[in-house]
Amino acid sequence: VQVRVGIDTGGTFTDLVRIDRGGIRVHKVRTTPSDPVASIVEGLAALAGDAPTAPITYGSTIATNAVLERKGARVALITTSGFEDILAIGRQTRPELYNLLVSRPPALVDAALTFGLAARMDPEGREIAPIHAERLSELVRNVAGSGAEVVAICLLHAYASPAHEAAVAEQLRAGGLVVSASHEVLPEYREYERATTTAANAYVQPLVDRYLARLEAVLDRRPVTVMQSNGGVISTTVARRQPVRTVLSGPAAGVVGARMVASAAGFERVISFDAGGTSTDVSLIDSAIPTAQETRVGDVPVRLPVIDIHTVGAGGGSIASVDTGGGLRVGPESAGARPGPACYGIGQDLTVTDAHLLLGRLDPDYFLGGRMTLDVERARRAAAATARRLRTSVDDLAEGVIRVANASMLRAIRVVSLERGHDPRRFALVAFGGAGGMHAADLAADLGITTVVVPRHAGVLSALGMLAADVMRDYSVSVRKPANAVSMSNLARRIEPLVSQARSDLRDEGFRGSRVLVERRLDVRYVGQSYELTVPWSSGYGDAFHALHARRFGYADRTRPIEVVALRVRGIGTAARPALPFNPVRRRRTVPARVVKDSRFDGRSRRTAFHRWDELKPGDRGRGAAVIAGAEATVIVPPGFHFFVDGFSNLVLTRGA
Amino acid sequence: MTMRNRITHGRHRVQPIEFDVFKHLFLSIADEMGATLRQTGFSPNIKERLDYSCAVYDRDGETIAQGDHMPVHLGAMPLSVRAAIDAVPMEPGDAVMLNDPFQGGTHLPDITLVSPVCLPGDRRPTFFVANRAHHSDVGGMSAGSMPVASEIFQEGLILPPVRLVRRGRIVPDVMAIVLANVRTPDERRGDLSAQIAANRVAATRLHAAATRYGAARLLASARALQSHTERAVRATLRAIPAGRYRFEDRLDDDGFSEDPLKVAVAVTIRNGRVTMDFTGSSRQAAGSVNANLAITWSACLYALRCLVREDVLYNAGVSRPLSIIAPAGTVVNASRPAAVAGGNVEASQRITDVVFGALARALPDRIPAASQGTMNNITFGGVDPRTGRRFAYYETLGGGMGARPDRDGLSALHTHMSNTRNTPIEAIELDLPIRVTEYRIRRGSGGEGRFRGGDGLIREYESLTHATVTILSDRRRFPPYGVRGGAPGARGRNVLIRDGREESLPGKIELRLRPGDRLRIETPGGGGYGRAADGE
């Protein structure tokens, strides 16, 4: 029996999901901040002690947090001389317009560790000023003596010719230094984004390297693959060399998980909606998972293919407050997991979760499968002062808090759907994370979405998604040629080396024949634009571009010349899809409420049926108002919605009739 | 067709607990307009530097929500909308274009496009939407249209409010006039298409929102948001000690004479209201540093908005407690036919400096020292020898931020009235016959003090062909001030390096570069805060 385990290390909990023919088992352990590997060992012993060679797919926030909290390595940065301050200057903007006390996080590389190299390429990759051997040796000596743990190199126009960077890297590596060179990490134009991506790679490299080495040592005979931000997995060897590719692995795995669950349940076009304690991640899957070419980790741009996810600072822990103008505000400050919402018994602040509780939409005695009880009186005390300031009742305030949180989440969904030319009504909403099921129905009603799916394992969907992820490698090359100046056969010659590289790298990861997929794409724009759209490889790529431009932006100009900016290749080694446990629906029945209580919806008290998810069977159905409390998430079914438990034990909510 | 009652908002009350719901709604519309402009624009100013603004207005042309784009557009955008409403009766599907600084514009490169949004049941526009973008060239005496000029007629094509789009179709005659008057017509056509698309997106979204919430409720919420912001501003003003606070500072010169230009203000705060009186400022200058009234409004509104510490929505509520006295014919309220290209970018910074200087007397523990006080406008023009095509390239450079009461100023970024991004060096070198040979922080240029002013930056260009360059910069003679004993920041410097010799250039100049010439711009540092010894 093939056992596989997905592990997602978060700041508070480490989630483990085991899948085999017998089904899915979930285990959560507290993350030991000083030694997350210990938590993994503990969790594995409990969950998969009987399968000591079962393969592991792993994702964590370690690299992300290192960047956000500036706890990475001492990096030396080598730039073209005259441009040593590239990271400190950034895009020469301030992060907030109207804040006189605005500040910027320090650059990833200390000014004292930046080094200039007097050599220069032009945009065509021709050498303007050569490298002097003596200067290079001196540079290498200085860098070696600087105390840096690792070196990043980003020279101007290295995407056009890597010769200078390669020469520098070779010398440094010969001296035993670990190097991230920009032409290896990201061979694309725009020096600042290339520099930050390369520096971020160097910045997290020693940490991730040590961590994965230790993980492999401890896991002994278990093969390990690592989740990436693009929704695929890579070997630990690649992850240790290019760790920047893993920075947003958690949210990415969540989207992969959402797609797997939705697809099994019969939904190919979905909006994944992951609402946690602090933030909400949203992504739109139009059959395929969407890719963006750039993201940010805090203030640091990382220009590598990632799943296109939009994040807003609203979640179950978001704090409600009153501003100077006397308006109610929710978030972006969050009570997080600690102290948490007031009803958790530690914090004082009114949060979105407290608001749900005050409206009677949560069962205080059975939260997260009975692992927690909630303190209603404490939540009420937290709400009272705010309600007085707004001259409103606690009930009206609580509904207001939820409406404001919804508005913020709604905005995120609009960004990934309407702003990208998609009508949300044609999609199902897949809601997960602790708070997803509490808000999804309201949002669906607002957007005209008719179906909401809350996966059975809504609380550990990232760990589950890792088990569905393919091995994925991305490659790109800058072109920047007008379409009429470069033939398809010329483009084919330029993309061929990337295709061969992809095949060879996948072979090294053990993939052959029909398990290897190679996707080719082109980044295209109108001559003179700065933003590209990515279209599939085809001699009709121009038409595809005009059509996509019209859909995204409302207009296209077929008389205007277009240019090819970059070519992209993705090599995919397809993984065996885990079979989700399925029990066919034998009979449909309207399930009786376990308890009926009064809850508030739309300013009115409603008789509300309370259910426990664990007690529901495939085929069970009911109508809102209802609350379904599960071990991983609570689902609120407002009046006007029906619910239904499908064969995978997912909850499916439908609107109307 | 029968007359129908137009939509009113009289009976709808919007609860404070709903403000944020509608705030998100209107802001997301402004943001989506911005995303459309950025992603489909052609001018580097729009697509790389993000020199644009987008906003939604009520039927009276009052701002409901403006995206966090360019501060210098804050006060000026509503005046554009007002001018468009007054000049042109708008129907659904129209878009009115304008840039005339004396009819709602700021400086000529900023072209504003205003569109009505007419909801079903309303006989006149229910909302207006507008976006303003800085075009790389609008004709005139020098490439890039930021010349050292003495009359507005030299600065480029003047567009009073005229329809660019009528009932959904571009008016070809108007477009033809625009394209015939500019150096880079293809780029203009592309940018204007992007601006039209941005307004269309906003109209679609407002229609959808009206369907969802009802037009009357939407309008009522807009009013409520304006009042909400107004309350926040008034509460902030009431917390400032009442009084009359004066300050003055100077612009270096106008590029023609060496006479400095005085900008003086008396800020009076009382009972939740503020008056900013610029009486005593210099007469308008021959050169292009003059601000029109729209710019002065922008600068004052920006300063006021900065005093509110919370993240309130920027809208008409900010302007209600504010009165401005700016005598006509002065450098803060220039009259036709004054040249104004630099008012937007240079005078606006000095106006901000004096308003903050006055406020520092009321709130010494909250107001920073002066920031760089210029945008260092550099424009290149010529013919690209690689393609034989004309080019016009404009950029502005960041500098030092003034030290704050509790921390140093930041270095090498845009301050106060601008927040445009730099253009990637690799993009410049790919697209233009210019090489950037240095780009670094100008260390030591921030003013000393208990907290140090931020450092300026150094940007050096090498021209690869014969080109014209226009520099419009300030703070080359009078440095950014320090406060409470802090030292001033270093003055900026402009240097031409030709045949190995360095020649210092004035702050405002147009000159011809030969291949191999280098132009080096060193931007000012920010002023320091407090005496240096206090911190030790």
# chains A, B, ... in the order shown; residues from 1 in each chain; ligands from 1
>>> interface_residues(of="chain B", to="chain A", cutoff="7 Å", atoms="only C-alpha atoms", output="number ranges by chain")
B: 16-21, 24, 28, 32, 36, 39-42, 47-48, 197, 228-229, 231-232, 235, 305-306, 398, 404, 412-414, 419-422, 424, 426-427, 429-430, 437-441
>>> residues_around(residues="Pro162 in chain A", least_positions_apart="3", cutoff="9 Å", atoms="only C-alpha atoms", output="MDAnalysis selection string")
chainID A and resid 125 155 157:159 165:167 182:184 187
>>> write_last_selection(atoms="all heavy atoms", output="PDB file, in the first residue's frame")
ATOM      1  N   GLY A 125      24.099  42.541 -25.179  1.00  0.00           N
ATOM      2  CA  GLY A 125      25.016  41.536 -24.674  1.00  0.00           C
ATOM      3  C   GLY A 125      26.437  41.698 -25.195  1.00  0.00           C
ATOM      4  O   GLY A 125      27.260  40.789 -25.083  1.00  0.00           O
ATOM      5  N   LEU A 155      24.724  41.823 -12.322  1.00  0.00           N
ATOM      6  CA  LEU A 155      25.372  42.819 -13.186  1.00  0.00           C
ATOM      7  C   LEU A 155      24.383  43.288 -14.248  1.00  0.00           C
ATOM      8  O   LEU A 155      23.511  42.523 -14.681  1.00  0.00           O
ATOM      9  CB  LEU A 155      26.601  42.206 -13.858  1.00  0.00           C
ATOM     10  CG  LEU A 155      27.665  41.636 -12.906  1.00  0.00           C
ATOM     11  CD1 LEU A 155      28.838  41.074 -13.720  1.00  0.00           C
ATOM     12  CD2 LEU A 155      28.172  42.684 -11.922  1.00  0.00           C
ATOM     13  N   HIS A 157      22.542  44.001 -17.520  1.00  0.00           N
ATOM     14  CA  HIS A 157      22.356  43.296 -18.786  1.00  0.00           C
ATOM     15  C   HIS A 157      22.893  41.852 -18.770  1.00  0.00           C
ATOM     16  O   HIS A 157      23.209  41.288 -19.810  1.00  0.00           O
ATOM     17  CB  HIS A 157      22.990  44.073 -19.953  1.00  0.00           C
ATOM     18  CG  HIS A 157      22.424  45.456 -20.109  1.00  0.00           C
ATOM     19  ND1 HIS A 157      21.100  45.688 -20.392  1.00  0.00           N
ATOM     20  CD2 HIS A 157      22.994  46.674 -19.988  1.00  0.00           C
ATOM     21  CE1 HIS A 157      20.876  46.996 -20.450  1.00  0.00           C
ATOM     22  NE2 HIS A 157      22.005  47.631 -20.207  1.00  0.00           N
ATOM     23  N   ALA A 158      22.939  41.256 -17.579  1.00  0.00           N
ATOM     24  CA  ALA A 158      23.392  39.861 -17.494  1.00  0.00           C
ATOM     25  C   ALA A 158      22.395  38.916 -18.169  1.00  0.00           C
ATOM     26  O   ALA A 158      22.752  37.810 -18.567  1.00  0.00           O
ATOM     27  CB  ALA A 158      23.594  39.458 -16.039  1.00  0.00           C
ATOM     28  N   TYR A 159      21.131  39.349 -18.333  1.00  0.00           N
ATOM     29  CA  TYR A 159      20.156  38.526 -19.061  1.00  0.00           C
ATOM     30  C   TYR A 159      20.551  38.407 -20.531  1.00  0.00           C
ATOM     31  O   TYR A 159      20.238  37.425 -21.192  1.00  0.00           O
ATOM     32  CB  TYR A 159      18.744  39.139 -18.940  1.00  0.00           C
ATOM     33  CG  TYR A 159      18.685  40.507 -19.564  1.00  0.00           C
ATOM     34  CD1 TYR A 159      18.343  40.666 -20.901  1.00  0.00           C
ATOM     35  CD2 TYR A 159      19.052  41.640 -18.827  1.00  0.00           C
ATOM     36  CE1 TYR A 159      18.351  41.913 -21.484  1.00  0.00           C
ATOM     37  CE2 TYR A 159      19.063  42.889 -19.400  1.00  0.00           C
ATOM     38  CZ  TYR A 159      18.720  43.017 -20.746  1.00  0.00           C
ATOM     39  OH  TYR A 159      18.754  44.246 -21.318  1.00  0.00           O
ATOM     40  N   GLU A 165      29.039  37.745 -15.342  1.00  0.00           N
ATOM     41  CA  GLU A 165      28.556  37.118 -14.102  1.00  0.00           C
ATOM     42  C   GLU A 165      29.146  35.720 -13.933  1.00  0.00           C
ATOM     43  O   GLU A 165      29.554  35.336 -12.833  1.00  0.00           O
ATOM     44  CB  GLU A 165      27.027  37.005 -14.125  1.00  0.00           C
ATOM     45  CG  GLU A 165      26.333  38.249 -13.618  1.00  0.00           C
ATOM     46  CD  GLU A 165      24.854  38.015 -13.297  1.00  0.00           C
ATOM     47  OE1 GLU A 165      24.383  36.866 -13.324  1.00  0.00           O
ATOM     48  OE2 GLU A 165      24.196  39.006 -13.016  1.00  0.00           O
ATOM     49  N   ALA A 166      29.192  34.997 -15.035  1.00  0.00           N
ATOM     50  CA  ALA A 166      29.703  33.626 -14.957  1.00  0.00           C
ATOM     51  C   ALA A 166      31.164  33.623 -14.537  1.00  0.00           C
ATOM     52  O   ALA A 166      31.595  32.785 -13.734  1.00  0.00           O
ATOM     53  CB  ALA A 166      29.524  32.934 -16.307  1.00  0.00           C
ATOM     54  N   ALA A 167      31.923  34.588 -15.065  1.00  0.00           N
ATOM     55  CA  ALA A 167      33.343  34.653 -14.712  1.00  0.00           C
ATOM     56  C   ALA A 167      33.522  34.945 -13.226  1.00  0.00           C
ATOM     57  O   ALA A 167      34.364  34.344 -12.550  1.00  0.00           O
ATOM     58  CB  ALA A 167      34.035  35.729 -15.557  1.00  0.00           C
ATOM     59  N   SER A 182      22.549  36.199 -10.897  1.00  0.00           N
ATOM     60  CA  SER A 182      21.224  36.605 -11.395  1.00  0.00           C
ATOM     61  C   SER A 182      20.858  35.901 -12.694  1.00  0.00           C
ATOM     62  O   SER A 182      19.689  35.619 -12.940  1.00  0.00           O
ATOM     63  CB  SER A 182      21.147  38.122 -11.551  1.00  0.00           C
ATOM     64  OG  SER A 182      21.682  38.561 -12.782  1.00  0.00           O
ATOM     65  N   HIS A 183      21.854  35.600 -13.544  1.00  0.00           N
ATOM     66  CA  HIS A 183      21.488  34.950 -14.813  1.00  0.00           C
ATOM     67  C   HIS A 183      21.067  33.504 -14.589  1.00  0.00           C
ATOM     68  O   HIS A 183      20.417  32.907 -15.446  1.00  0.00           O
ATOM     69  CB  HIS A 183      22.645  35.022 -15.816  1.00  0.00           C
ATOM     70  CG  HIS A 183      23.797  34.135 -15.488  1.00  0.00           C
ATOM     71  ND1 HIS A 183      24.799  34.490 -14.617  1.00  0.00           N
ATOM     72  CD2 HIS A 183      24.108  32.875 -15.890  1.00  0.00           C
ATOM     73  CE1 HIS A 183      25.676  33.497 -14.517  1.00  0.00           C
ATOM     74  NE2 HIS A 183      25.283  32.517 -15.277  1.00  0.00           N
ATOM     75  N   GLU A 184      21.426  32.939 -13.445  1.00  0.00           N
ATOM     76  CA  GLU A 184      20.984  31.579 -13.127  1.00  0.00           C
ATOM     77  C   GLU A 184      19.614  31.588 -12.446  1.00  0.00           C
ATOM     78  O   GLU A 184      18.794  30.703 -12.651  1.00  0.00           O
ATOM     79  CB  GLU A 184      21.992  30.883 -12.204  1.00  0.00           C
ATOM     80  CG  GLU A 184      23.327  30.607 -12.885  1.00  0.00           C
ATOM     81  CD  GLU A 184      24.409  30.187 -11.897  1.00  0.00           C
ATOM     82  OE1 GLU A 184      24.181  30.244 -10.674  1.00  0.00           O
ATOM     83  OE2 GLU A 184      25.498  29.819 -12.370  1.00  0.00           O
ATOM     84  N   PRO A 187      17.008  35.022 -15.628  1.00  0.00           N
ATOM     85  CA  PRO A 187      17.665  35.678 -16.767  1.00  0.00           C
ATOM     86  C   PRO A 187      16.724  36.596 -17.534  1.00  0.00           C
ATOM     87  O   PRO A 187      16.467  36.404 -18.711  1.00  0.00           O
ATOM     88  CB  PRO A 187      18.115  34.494 -17.625  1.00  0.00           C
ATOM     89  CG  PRO A 187      17.156  33.400 -17.296  1.00  0.00           C
ATOM     90  CD  PRO A 187      16.679  33.628 -15.896  1.00  0.00           C
TER      91      PRO A 187
END
>>> residues_around(residues="range 289-300 of chain B", least_positions_apart="3", cutoff="6 Å", atoms="only C-alpha atoms", output="CSV table (one decimal) with C-alpha atoms, in the first residue's frame")
chain,number,residue,atom,x,y,z
B,72,VAL,CA,0.1,66.6,-6.7
B,74,LEU,CA,-5.2,65.6,-5.3
B,75,GLY,CA,-6.6,69.1,-5.5
B,76,ALA,CA,-6.2,69.5,-9.2
B,254,ASP,CA,12.7,81.0,-12.6
B,303,ALA,CA,-0.2,68.6,4.0
B,331,VAL,CA,3.7,82.4,-8.0
B,332,VAL,CA,1.0,80.5,-6.1
B,333,ASN,CA,-1.9,81.5,-8.4
B,334,ALA,CA,-0.5,82.3,-11.8
B,340,VAL,CA,3.6,76.6,-15.6
B,342,GLY,CA,7.5,73.6,-13.3
B,343,GLY,CA,4.7,74.7,-11.0
B,347,ALA,CA,6.5,75.3,-6.8
B,348,SER,CA,4.3,72.5,-5.4
B,352,THR,CA,4.4,72.1,0.9
>>> select_by_dssp(residues="range 255-404 of chain A", states="alpha helix (DSSP H)", output="CSV table (one decimal) with C-alpha atoms, in the first residue's frame")
chain,number,residue,atom,x,y,z
A,255,VAL,CA,-4.7,26.4,-4.2
A,256,VAL,CA,-3.5,23.0,-5.5
A,257,GLY,CA,-5.5,21.3,-2.8
A,258,ALA,CA,-8.6,23.4,-3.6
A,259,ARG,CA,-8.3,22.4,-7.2
A,260,MET,CA,-7.9,18.7,-6.5
A,261,VAL,CA,-10.9,18.6,-4.2
A,262,ALA,CA,-13.1,20.8,-6.5
A,263,SER,CA,-12.1,18.8,-9.5
A,264,ALA,CA,-13.0,15.5,-7.8
A,352,VAL,CA,-14.5,38.9,13.4
A,353,THR,CA,-14.7,35.5,15.1
A,354,ASP,CA,-16.2,37.2,18.2
A,355,ALA,CA,-18.8,38.8,16.0
A,356,HIS,CA,-19.9,35.5,14.6
A,357,LEU,CA,-20.1,34.1,18.1
A,358,LEU,CA,-22.2,37.1,19.3
A,376,VAL,CA,-19.4,34.5,24.9
A,377,GLU,CA,-19.4,36.9,27.8
A,378,ARG,CA,-15.8,37.9,27.2
A,379,ALA,CA,-16.7,38.6,23.5
A,380,ARG,CA,-19.7,40.7,24.6
A,381,ARG,CA,-17.5,42.8,27.0
A,382,ALA,CA,-15.0,43.3,24.1
A,383,ALA,CA,-17.9,44.5,21.9
A,384,ALA,CA,-19.7,46.7,24.5
A,385,ALA,CA,-17.3,49.6,24.5
A,386,THR,CA,-17.1,49.8,20.7
A,387,ALA,CA,-20.9,49.5,20.4
A,388,ARG,CA,-21.3,52.5,22.8
A,389,ARG,CA,-18.9,54.6,20.8
A,394,VAL,CA,-23.9,44.8,20.2
A,395,ASP,CA,-25.9,42.8,17.7
A,396,ASP,CA,-25.8,45.5,15.0
A,397,LEU,CA,-22.2,46.1,15.7
A,398,ALA,CA,-21.4,42.4,15.2
A,399,GLU,CA,-23.3,42.3,11.9
A,400,GLY,CA,-21.4,45.4,10.9
A,401,VAL,CA,-18.0,43.8,11.7
A,402,ILE,CA,-18.9,40.9,9.5
A,403,ARG,CA,-20.1,43.1,6.7
A,404,VAL,CA,-16.9,45.1,6.7
>>> residues_around(residues="Val297 in chain A", least_positions_apart="6", cutoff="8 Å", atoms="only C-alpha atoms", output="list in words")
Thr64, Val67, Leu68 and Val247 of chain A
>>> residues_around(residues="Asp51 in chain B", least_positions_apart="3", cutoff="8 Å", atoms="only C-alpha atoms", output="ChimeraX atom specification")
/B:45-46,69-70,133-134,419-420
>>> closest_residue(among="A:Asn490, A:Asn65, A:Thr451, A:Thr32", to="Phe643 in chain A", atoms="only C-alpha atoms")
A:Thr451
>>> residues_around(residues="Asn271 in chain B", least_positions_apart="2", cutoff="12 Å", atoms="only C-alpha atoms", output="JSON list (two decimals) with N, CA and C atoms, in the first residue's frame")
[["chain", "number", "residue", "atom", "x", "y", "z"],
["B", 233, "VAL", "N", -10.87, 64.95, 9.67],
["B", 233, "VAL", "CA", -9.99, 66.10, 9.48],
["B", 233, "VAL", "C", -10.28, 67.17, 10.53],
["B", 234, "ARG", "N", -11.57, 67.42, 10.77],
["B", 234, "ARG", "CA", -11.91, 68.45, 11.77],
["B", 234, "ARG", "C", -11.43, 68.05, 13.16],
["B", 235, "ALA", "N", -11.58, 66.76, 13.49],
["B", 235, "ALA", "CA", -11.11, 66.31, 14.81],
["B", 235, "ALA", "C", -9.61, 66.53, 14.92],
["B", 236, "THR", "N", -8.90, 66.27, 13.82],
["B", 236, "THR", "CA", -7.45, 66.47, 13.82],
["B", 236, "THR", "C", -7.12, 67.95, 14.02],
["B", 237, "LEU", "N", -7.85, 68.83, 13.34],
["B", 237, "LEU", "CA", -7.57, 70.27, 13.45],
["B", 237, "LEU", "C", -7.87, 70.78, 14.86],
["B", 238, "ARG", "N", -8.93, 70.23, 15.47],
["B", 238, "ARG", "CA", -9.26, 70.69, 16.82],
["B", 238, "ARG", "C", -8.18, 70.32, 17.82],
["B", 239, "ALA", "N", -7.41, 69.29, 17.50],
["B", 239, "ALA", "CA", -6.37, 68.87, 18.44],
["B", 239, "ALA", "C", -5.10, 69.72, 18.30],
["B", 240, "ILE", "N", -5.09, 70.64, 17.33],
["B", 240, "ILE", "CA", -3.91, 71.50, 17.13],
["B", 240, "ILE", "C", -4.17, 72.82, 17.86],
["B", 241, "PRO", "N", -3.17, 73.34, 18.58],
["B", 241, "PRO", "CA", -3.38, 74.61, 19.29],
["B", 241, "PRO", "C", -3.82, 75.70, 18.31],
["B", 242, "ALA", "N", -4.92, 76.39, 18.65],
["B", 242, "ALA", "CA", -5.42, 77.45, 17.78],
["B", 242, "ALA", "C", -4.37, 78.55, 17.67],
["B", 243, "GLY", "N", -4.33, 79.20, 16.51],
["B", 243, "GLY", "CA", -3.36, 80.29, 16.36],
["B", 243, "GLY", "C", -3.07, 80.55, 14.90],
["B", 268, "THR", "N", -3.80, 79.67, 9.67],
["B", 268, "THR", "CA", -4.63, 79.98, 10.84],
["B", 268, "THR", "C", -5.53, 78.79, 11.15],
["B", 269, "ILE", "N", -5.44, 78.32, 12.39],
["B", 269, "ILE", "CA", -6.21, 77.15, 12.79],
["B", 269, "ILE", "C", -7.14, 77.55, 13.93],
["B", 273, "ARG", "N", -11.23, 74.44, 11.73],
["B", 273, "ARG", "CA", -11.05, 74.95, 10.37],
["B", 273, "ARG", "C", -9.62, 75.44, 10.21],
["B", 274, "VAL", "N", -9.17, 75.49, 8.97],
["B", 274, "VAL", "CA", -7.83, 76.03, 8.74],
["B", 274, "VAL", "C", -7.86, 76.92, 7.51],
["B", 275, "THR", "N", -7.16, 78.06, 7.62],
["B", 275, "THR", "CA", -7.00, 78.96, 6.48],
["B", 275, "THR", "C", -5.52, 79.05, 6.14],
["B", 321, "PRO", "N", -12.91, 71.70, 5.38],
["B", 321, "PRO", "CA", -12.50, 72.60, 6.46],
["B", 321, "PRO", "C", -11.37, 73.57, 6.03],
["B", 322, "LEU", "N", -10.98, 73.55, 4.77],
["B", 322, "LEU", "CA", -9.81, 74.32, 4.34],
["B", 322, "LEU", "C", -10.20, 75.52, 3.49]]
>>> atom_distance(atom1="CA of Ile78 in chain A", atom2="CA of Val151 in chain A")
7.6 Å
>>> closest_residue(among="A:Glu333, A:Arg269, A:Gly571, A:Asp50", to="Pro424 in chain A", atoms="only C-alpha atoms")
A:Arg269
>>> atom_distance(atom1="CA of Val148 in chain B", atom2="CA of Arg491 in chain B")
20.6 Å
>>> residues_around(residues="Gly147 in chain A", least_positions_apart="5", cutoff="10 Å", atoms="only C-alpha atoms", output="list in words")
Arg74, Val75, Ala76, Leu113 and Asn142 of chain A
>>> write_last_selection(atoms="N, CA and C atoms", output="PDB file, in the first residue's frame")
ATOM      1  N   ARG A  74      23.975  36.719   6.175  1.00  0.00           N
ATOM      2  CA  ARG A  74      24.769  37.885   5.785  1.00  0.00           C
ATOM      3  C   ARG A  74      25.174  37.683   4.334  1.00  0.00           C
ATOM      4  N   VAL A  75      24.589  38.496   3.461  1.00  0.00           N
ATOM      5  CA  VAL A  75      24.802  38.336   2.027  1.00  0.00           C
ATOM      6  C   VAL A  75      25.715  39.446   1.523  1.00  0.00           C
ATOM      7  N   ALA A  76      26.676  39.105   0.682  1.00  0.00           N
ATOM      8  CA  ALA A  76      27.431  40.108  -0.065  1.00  0.00           C
ATOM      9  C   ALA A  76      26.789  40.230  -1.440  1.00  0.00           C
ATOM     10  N   LEU A 113      28.369  45.519   2.700  1.00  0.00           N
ATOM     11  CA  LEU A 113      28.632  44.245   2.017  1.00  0.00           C
ATOM     12  C   LEU A 113      28.294  44.318   0.528  1.00  0.00           C
ATOM     13  N   ASN A 142      38.262  40.661  -1.416  1.00  0.00           N
ATOM     14  CA  ASN A 142      37.467  41.525  -0.541  1.00  0.00           C
ATOM     15  C   ASN A 142      36.180  40.848  -0.090  1.00  0.00           C
TER      16      ASN A 142
END
